[in-house]
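A.B. asks: So that we are looking at the same thing, I have put the structure below in structure tokens.
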Amino acid sequence: MSKTFLNFKALLAILLVAAVFPWNQTNAEAAKNTFDPFEKSIDEIANALNAKQITSEELVEYYLKRIEAFDKQGPAINSIITVNDKALESAQALDAERKSKGPRSKLHGIPFVVKDNFDVVGMPTTAGSAALKNAYPTKNSFTVQKLVDAGAIVIAKTNMSELAASYGRLGYSSMGGLTLNPYNLNRDASGSSSGSAAAVAANFAVFGLGTDTSGSVRGPANVTGLVGIRPTLGLTSRSGVVPSALSLDVTGPLARSVKDASLVLSAMAGTDKEDKATNAAKQHVQDYGKKLNASSLKHARIGVATDFFGDNAEVDAITKKAISKMKSMGTVVVPVTFSKQSKYLWTPVLGPVGDAEFKSQFEKYLSFLPSDAPKTLQEVIDISESPEVMNSATPMNPARLEGLKTALAKADDLNSKEYKNIINQEMPKTRKEITKIMKDNKLDAIVFPTMSCPASNRFDKEDPTYVCKAYDTYAASYVASATGFPEVTVPAGTVKAGVPVGISFLGTAYTEQKLLDLAYSFEQAAKARTVPVNTPKLTK
């Protein structure tokens with residue numbers, strides 16, 4: 001064999017090696033660069049992390065860029081109160097842990113946002129109040145800690161209606177100003193979990209946490225094209241969360257899909273020794289997202305709550321179309337009606353309970369804060385009325401301030417016959433009524449428009465296209481609040497103004513899996529979610 005041929009063979013081998021290895025490297029880089037987190041699910045992102053197509057650090061950087069581009073500039077959604085300055089550091093540590101030990105769960109290294117009434121160490125818990133701007137908690141809330149233990153990363157805390165009550169200014173607070181709806185900047189993002197909903201809809205994080213007293217997860221999810229879960233009262237903890245009324249309060253997830261919301265609910269639910277309401281939770285928590293049944297509507301009996309129609313033609317049309325879709329899938333639909341009281345539970349139940357409970361429960365929460373934070377409701381009122389706050393660009397909503405003064409005056413109502421009657425008679429009576437309707441009609445769930453009108457005008461800007469005949473567009477939400485029963489809202493369509501509309505599935509206690517199956521079945525068939533026009537994919 002000639003020397004020339006051997007040299008040629010060696011050269012060919014070198015060329016092949018040089019060709020193969022850069023090709024592999026180039027393709028690895030190409031695979032990495034092709035993963036775009038925009039609108040991606042938890043499963044998709046977890047798979048990309050496992051396949052090394054992206055790192056958690058890069059994920060955090062991606063969402064921080066979107067927050068920078070869209071939250072305080074551009075459309076200025078204004079959903080974020082505080083960005084976590086430790087998020088990148090946490091991501092780096094979780095990337096290293098993934099490499100050495102593997103992921104803790106599907107949520108390992110995945111960023112989420114937290115409504116600013118949940119305690120997160122290193123960040124103030126303002127609950128939207130300028131009076132609490134220096135209220136730094138000493139430990140995470142139970143639900144946040146569970147998610148952190150699963151490897152999720154708090155990327156930011158979100159704006160909310162001040163102290164979780166809107167009083168006509170949905171998504172407005174003295175700490176954060178007004179959150180806008182990313183689908184239509186002339187409309188609000190409902191309340192009070194406005195910031196979490198707007199942030200998740202705008203792809204500032206993969207999912208978010210909210211609290212729901214009388215519709216505060218479901219309303220914002222409804223108007224921002226999200227899935228929102230109000231769990232059975234007692235399935236998720238409220239410790240380390242600024243209370244509104246613990247007879248009504250729950251914590252729940254907001255996400256862009258039923259699967260994502262289900263995965264988060266499973267991770268955050270459970271028994272917490274600091275919240276007695278959760279004593280039975282460990283007996284009921286399931287892996288809700290494991291086997292969601294896309295064909296569950298085929299065999300379902302659904303009650304349609306006819307009392308919550310008639311306030312907006314577009315919402316009615318979208319809801320009726322959704323019901324027709326279910327029928328076409330094999331669902332048996334049964335019209336149902338509620339008692340006069342259950343049609344509007346604010347005045348006889350929710351309002352009085354909130355006024356009676358707020359002061360004592362709020363002050364108990366304040367007692368755990370460091371010594372330099374306010375310790376009484378009166379102190380919070382005084383700071384809110386100070387020239388510093390009143391003369392700022394975002395003074396407290398005057399109606400919210402009056403609401404605090406009402407709660408201060410009604411603090412003794414905890415001992416009143418009216419309050420005790422509501423807790424011991426009226427709320428159980430409502431539970432019995434809904435349970436009887438479900439049992440008599442052999443229903444799997446009751447369905448209705450989550451809100452009877454679309455997202456409303458922002459309080460500071462009139463939109464003449466908004467039409468609503470409702471005395472209270474949130475009336476349907478009060479049923480789950482007064483009973484403690486679970487409700488899931490899922491996107492169903494979009495009105496001409498561009499804002500989403502959702503439908504709700506209501507069930508009896510601890511029927512989350514059934515409701516999520518039904519919502520998933522509808523979601524997969526309807527595919528109603530759209531992407532907000534004001535927060536599109538970023539171009540490189």
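For the structure tokens, the naming scheme is as follows: chains receive sequential letters (A, B, ...) according to their order of presentation, residues are indexed from 1 within each chain, and ligands are indexed from 1 in presentation order.
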Using only C-alpha atoms, tabulate the residues of segment 95-214 of chain A lying at most 12 Å from any atom of segment 347-362 of chain A, each with its closest atom pair and that distance in Å to one decimal, by chain and increasing residue number, as CSV.
C.D. replies:
```
residue,atom,partner,partner_atom,distance
A:Asn117,CA,A:Phe362,CA,11.4
A:Ala127,CA,A:Phe362,CA,11.2
A:Leu163,CA,A:Phe362,CA,9.6
A:Ala164,CA,A:Phe358,CA,10.9
A:Ala165,CA,A:Gly354,CA,10.0
A:Tyr167,CA,A:Gly351,CA,12.0
A:Thr213,CA,A:Leu350,CA,8.7
A:Ser214,CA,A:Leu350,CA,7.4
```
A.B. asks: Set the distance at 12 Å and use only C-alpha atoms: which residues neighbour Lys514 of chain A once local chain neighbours fewer than 3 positions away are removed? I'd like the list as JSON, numbers by chain.
C.D. replies: {"A": [262, 286, 288, 289, 291, 292, 293, 294, 295, 296, 297, 299, 300, 301, 302, 443, 444, 445, 446, 486, 487, 488, 505, 506, 507, 508, 509, 510, 511, 517, 518, 519, 520, 521]}
A.B. asks: Once DSSP has gone over the backbone, tell me which residues of segment 123-341 of chain A are in helix (DSSP H, G or I), as a ChimeraX atom specification.
C.D. replies: /A:130-132,142-149,162-164,194-201,218-223,258-268,276-278,281-283,296-299,306-308,313-328,340-341
A.B. asks: With only C-alpha atoms as the basis for distance, which of A:Leu246, A:Val332, A:Val60, A:Ala393 is at the shortest distance from Ala87 of chain A?
C.D. replies: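 Among the listed residues, A:Val60 lies closest to Ala87 of chain A.
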A.B. asks: Which residues are near Asp119 of chain A? Cut-off 12 Å, only C-alpha atoms, ignore same chain within fewer than 3 positions. Put them as an MDAnalysis selection string.
C.D. replies: chainID A and resid 114:116 122:127 135:145 154 156:157 209 238:243 365:366 368:369
A.B. asks: Kindly export the residues of the current selection with N, CA and C atoms, as a compact mmCIF listing (two decimals), in the first residue's frame.
C.D. replies:
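Output (part_27.txt):
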```txt
# COMPACT_ATOMS: atom_id res chain seq x y z
N VAL A 114 -46.24 35.23 42.37
CA VAL A 114 -46.98 35.08 43.61
C VAL A 114 -47.73 36.38 43.91
N LYS A 115 -49.01 36.28 44.13
CA LYS A 115 -49.80 37.44 44.56
C LYS A 115 -49.17 38.03 45.82
N ASP A 116 -49.14 39.35 45.91
CA ASP A 116 -48.37 39.98 46.98
C ASP A 116 -49.06 39.97 48.34
N GLY A 122 -37.43 37.56 52.04
CA GLY A 122 -36.58 38.45 51.26
C GLY A 122 -37.35 39.46 50.44
N MET A 123 -38.68 39.35 50.43
CA MET A 123 -39.53 40.28 49.69
C MET A 123 -40.65 40.75 50.60
N PRO A 124 -41.00 42.05 50.57
CA PRO A 124 -42.09 42.51 51.43
C PRO A 124 -43.42 41.93 51.01
N THR A 125 -44.30 41.69 51.98
CA THR A 125 -45.68 41.28 51.70
C THR A 125 -46.54 42.51 51.88
N THR A 126 -46.83 43.20 50.79
CA THR A 126 -47.56 44.46 50.89
C THR A 126 -49.07 44.29 50.81
N ALA A 127 -49.53 43.21 50.21
CA ALA A 127 -50.96 43.02 49.92
C ALA A 127 -51.52 44.24 49.18
N ALA A 135 -43.00 45.47 55.18
CA ALA A 135 -43.42 44.29 55.96
C ALA A 135 -42.72 43.04 55.40
N TYR A 136 -41.54 42.76 55.93
CA TYR A 136 -40.77 41.60 55.47
C TYR A 136 -41.03 40.40 56.37
N PRO A 137 -41.59 39.32 55.84
CA PRO A 137 -41.88 38.14 56.66
C PRO A 137 -40.61 37.36 56.99
N THR A 138 -40.70 36.54 58.01
CA THR A 138 -39.53 35.76 58.45
C THR A 138 -39.49 34.36 57.84
N LYS A 139 -40.62 33.93 57.23
CA LYS A 139 -40.61 32.63 56.54
C LYS A 139 -41.63 32.66 55.41
N ASN A 140 -41.49 31.71 54.49
CA ASN A 140 -42.43 31.60 53.38
C ASN A 140 -43.78 31.11 53.85
N SER A 141 -44.83 31.51 53.13
CA SER A 141 -46.14 30.91 53.38
C SER A 141 -46.05 29.41 53.09
N PHE A 142 -46.96 28.64 53.67
CA PHE A 142 -46.93 27.19 53.53
C PHE A 142 -46.98 26.76 52.06
N THR A 143 -47.88 27.37 51.30
CA THR A 143 -48.04 26.97 49.89
C THR A 143 -46.82 27.35 49.06
N VAL A 144 -46.27 28.54 49.28
CA VAL A 144 -45.06 28.94 48.56
C VAL A 144 -43.91 27.99 48.90
N GLN A 145 -43.78 27.64 50.18
CA GLN A 145 -42.71 26.73 50.59
C GLN A 145 -42.84 25.37 49.93
N VAL A 154 -39.70 31.50 42.66
CA VAL A 154 -40.48 32.74 42.71
C VAL A 154 -39.72 33.79 41.91
N ALA A 156 -41.31 36.77 40.83
CA ALA A 156 -41.82 38.11 41.17
C ALA A 156 -43.08 38.00 42.01
N LYS A 157 -43.41 39.10 42.68
CA LYS A 157 -44.68 39.22 43.39
C LYS A 157 -45.56 40.21 42.64
N LEU A 209 -49.84 32.18 41.61
CA LEU A 209 -50.68 31.91 42.78
C LEU A 209 -51.58 33.09 43.05
N ARG A 238 -53.78 28.55 54.14
CA ARG A 238 -53.78 30.01 54.12
C ARG A 238 -52.74 30.60 55.08
N SER A 239 -51.95 29.77 55.77
CA SER A 239 -50.98 30.33 56.72
C SER A 239 -49.88 31.05 55.94
N GLY A 240 -49.46 32.19 56.49
CA GLY A 240 -48.48 33.01 55.81
C GLY A 240 -49.06 33.80 54.67
N VAL A 241 -50.39 33.96 54.68
CA VAL A 241 -51.09 34.75 53.66
C VAL A 241 -51.94 35.80 54.38
N VAL A 242 -51.88 37.03 53.91
CA VAL A 242 -52.69 38.09 54.52
C VAL A 242 -54.16 37.71 54.37
N PRO A 243 -54.90 37.58 55.48
CA PRO A 243 -56.28 37.11 55.38
C PRO A 243 -57.25 38.22 54.99
N TYR A 365 -52.37 38.34 61.76
CA TYR A 365 -51.31 38.22 60.76
C TYR A 365 -50.21 39.27 61.03
N LEU A 366 -50.62 40.51 61.27
CA LEU A 366 -49.65 41.59 61.49
C LEU A 366 -48.76 41.31 62.71
N PHE A 368 -47.25 38.76 63.55
CA PHE A 368 -46.09 37.92 63.24
C PHE A 368 -45.01 38.66 62.45
N LEU A 369 -45.30 39.89 62.05
CA LEU A 369 -44.34 40.66 61.28
C LEU A 369 -43.28 41.29 62.20
```
A.B. asks: Which residue out of A:Val200, A:Val479, A:Ala277, A:Ala525 has the minimum interatomic distance to Ala492 of chain A when only C-alpha atoms are used?
C.D. replies: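 Answer, going by the shortest atom-to-atom distance: A:Ala525.
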A.B. asks: In Å to one decimal, how far is atom CA of Asn222 of chain A from atom CA of Gln524 of chain A?
C.D. replies: 17.1 Å
A.B. asks: List the neighbours of Ala130 of chain A out to 10 Å using only C-alpha atoms; skip same-chain residues closer than 5 positions along the sequence, and give me the result as a list in words.
C.D. replies: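 The filter keeps Ala135, Glu162, Ser173, Ser174, Met175, Gly176, Val380, Ile383, Ser384, Glu388, Val389, Thr394, Pro395 and Met396 of chain A.
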A.B. asks: List the spatial neighbours of Lys461 of chain A as a list in words - criterion: any atom at most 7 Å away, only C-alpha atoms, same-chain residues fewer than 3 positions off excluded.
C.D. replies: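 Residues near the query, excluding close chain neighbours: Asn186, Asn457 and Arg458 of chain A.
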A.B. asks: Keeping all heavy atoms for every residue in the selection just given, could you write it to a file as a CSV table (one decimal), in the first residue's frame?
C.D. replies:
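Now in out.csv:
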```csv
chain,number,residue,atom,x,y,z
A,186,ASN,N,-57.9,48.9,27.7
A,186,ASN,CA,-59.0,49.8,28.2
A,186,ASN,C,-59.8,49.0,29.3
A,186,ASN,O,-60.7,49.6,29.9
A,186,ASN,CB,-59.9,50.2,27.1
A,186,ASN,CG,-59.2,51.2,26.2
A,186,ASN,OD1,-58.4,52.0,26.6
A,186,ASN,ND2,-59.5,51.1,24.9
A,457,ASN,N,-64.7,48.1,32.3
A,457,ASN,CA,-63.8,49.3,32.1
A,457,ASN,C,-62.8,49.5,33.2
A,457,ASN,O,-63.2,49.2,34.4
A,457,ASN,CB,-64.7,50.5,32.0
A,457,ASN,CG,-65.6,50.6,30.8
A,457,ASN,OD1,-65.3,49.9,29.8
A,457,ASN,ND2,-66.7,51.3,30.9
A,458,ARG,N,-61.6,49.9,32.9
A,458,ARG,CA,-60.8,50.4,34.0
A,458,ARG,C,-61.5,51.6,34.7
A,458,ARG,O,-62.2,52.3,34.0
A,458,ARG,CB,-59.4,50.8,33.5
A,458,ARG,CG,-59.1,50.5,32.2
A,458,ARG,CD,-57.8,51.0,31.6
A,458,ARG,NE,-57.1,52.1,32.2
A,458,ARG,CZ,-56.0,52.6,31.6
A,458,ARG,NH1,-55.5,52.1,30.5
A,458,ARG,NH2,-55.4,53.6,32.2
```
A.B. asks: Calculated over only C-alpha atoms, which of the candidates A:Ala526, A:Ile81, A:Ala51, A:Leu59 has the smallest distance to Met326 of chain A?
C.D. replies: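 Distance minimum relative to Met326 of chain A lands on A:Ala526.
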A.B. asks: When distances are computed from only C-alpha atoms, which of A:Ala201, A:Pro428, A:Ser166, A:Gly310 shows the smallest separation from Glu402 of chain A?
C.D. replies: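 Residue with the minimum atom-to-atom distance to Glu402 of chain A: A:Ser166.
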A.B. asks: Please, which residues in segment 190-307 of chain A fall within 9 Å of segment 105-108 of chain A when counting only C-alpha atoms, and what is the closest atom pair and distance in Å to one decimal for each, ordered by chain then residue number, as a tab-separated table?
C.D. replies:
```
residue	atom	partner	partner_atom	distance
A:Leu263	CA	A:Lys106	CA	8.5
A:Val264	CA	A:Leu107	CA	8.3
A:Ala267	CA	A:Leu107	CA	8.7
```
A.B. asks: Let's have the selection written as a CSV table (one decimal), in the first residue's frame, with all heavy atoms.
C.D. replies:
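And here is the file that came out, again_28.csv:
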```csv
chain,number,residue,atom,x,y,z
A,263,LEU,N,-51.4,20.3,38.0
A,263,LEU,CA,-50.0,20.0,38.5
A,263,LEU,C,-49.7,20.9,39.7
A,263,LEU,O,-49.1,20.5,40.7
A,263,LEU,CB,-49.0,20.1,37.4
A,263,LEU,CG,-49.0,19.1,36.3
A,263,LEU,CD1,-48.1,19.5,35.2
A,263,LEU,CD2,-48.7,17.7,36.8
A,264,VAL,N,-50.0,22.2,39.6
A,264,VAL,CA,-49.7,23.1,40.6
A,264,VAL,C,-50.5,22.9,41.9
A,264,VAL,O,-50.0,22.9,43.0
A,264,VAL,CB,-49.8,24.6,40.1
A,264,VAL,CG1,-49.5,25.6,41.3
A,264,VAL,CG2,-48.9,24.9,39.0
A,267,ALA,N,-49.2,20.1,43.9
A,267,ALA,CA,-47.9,20.5,44.6
A,267,ALA,C,-48.2,21.4,45.8
A,267,ALA,O,-47.4,21.3,46.8
A,267,ALA,CB,-47.0,21.1,43.6
```
A.B. asks: Contacts of segment 433-436 of chain A at 8 Å or less, counting only C-alpha atoms, minus same-chain residues fewer than 3 places along, as a PyMOL selection string?
C.D. replies: chain A and resi 338+429-430+439-440+508
A.B. asks: Taking C-alpha atoms for each residue, export the selection above as a PDB file, in the first residue's frame.
C.D. replies:
```pdb
ATOM      1  CA  PHE A 338     -81.117  28.296  42.823  1.00  0.00           C
ATOM      2  CA  LYS A 429     -78.141  25.824  54.385  1.00  0.00           C
ATOM      3  CA  THR A 430     -76.542  26.928  51.115  1.00  0.00           C
ATOM      4  CA  LYS A 439     -77.902  14.706  44.155  1.00  0.00           C
ATOM      5  CA  ASP A 440     -81.498  15.019  42.925  1.00  0.00           C
ATOM      6  CA  THR A 508     -69.266  19.513  45.997  1.00  0.00           C
TER       7      THR A 508
END
```
A.B. asks: Extract the full set of strand (DSSP E) residues from segment 287-332 of chain A according to DSSP on the backbone, and format it as a PyMOL selection string.
C.D. replies: chain A and resi 301-305+332
A.B. asks: Output the selection as a compact mmCIF listing (two decimals), in the first residue's frame - C-alpha atoms for each residue.
C.D. replies:
```txt
# COMPACT_ATOMS: atom_id res chain seq x y z
CA ARG A 301 -74.52 14.94 33.55
CA ILE A 302 -74.14 18.69 33.83
CA GLY A 303 -76.50 21.15 35.48
CA VAL A 304 -76.73 24.56 33.83
CA ALA A 305 -77.39 27.35 36.34
CA VAL A 332 -76.56 15.23 29.34
```
A.B. asks: Find the residues around segment 32-48 of chain A up to 10 Å (only C-alpha atoms counted), leave out those fewer than 2 positions away in its own chain, and share them as JSON, numbers by chain.
C.D. replies: {"A": [26, 27, 28, 29, 30, 50, 51, 52, 53, 54, 55, 56, 58, 59, 62, 63, 66, 103, 105, 106, 107, 108, 109, 110, 200, 201, 202, 203, 204, 205, 206, 207, 255, 256, 257, 259, 260, 261, 263, 264, 531, 536, 537, 538]}
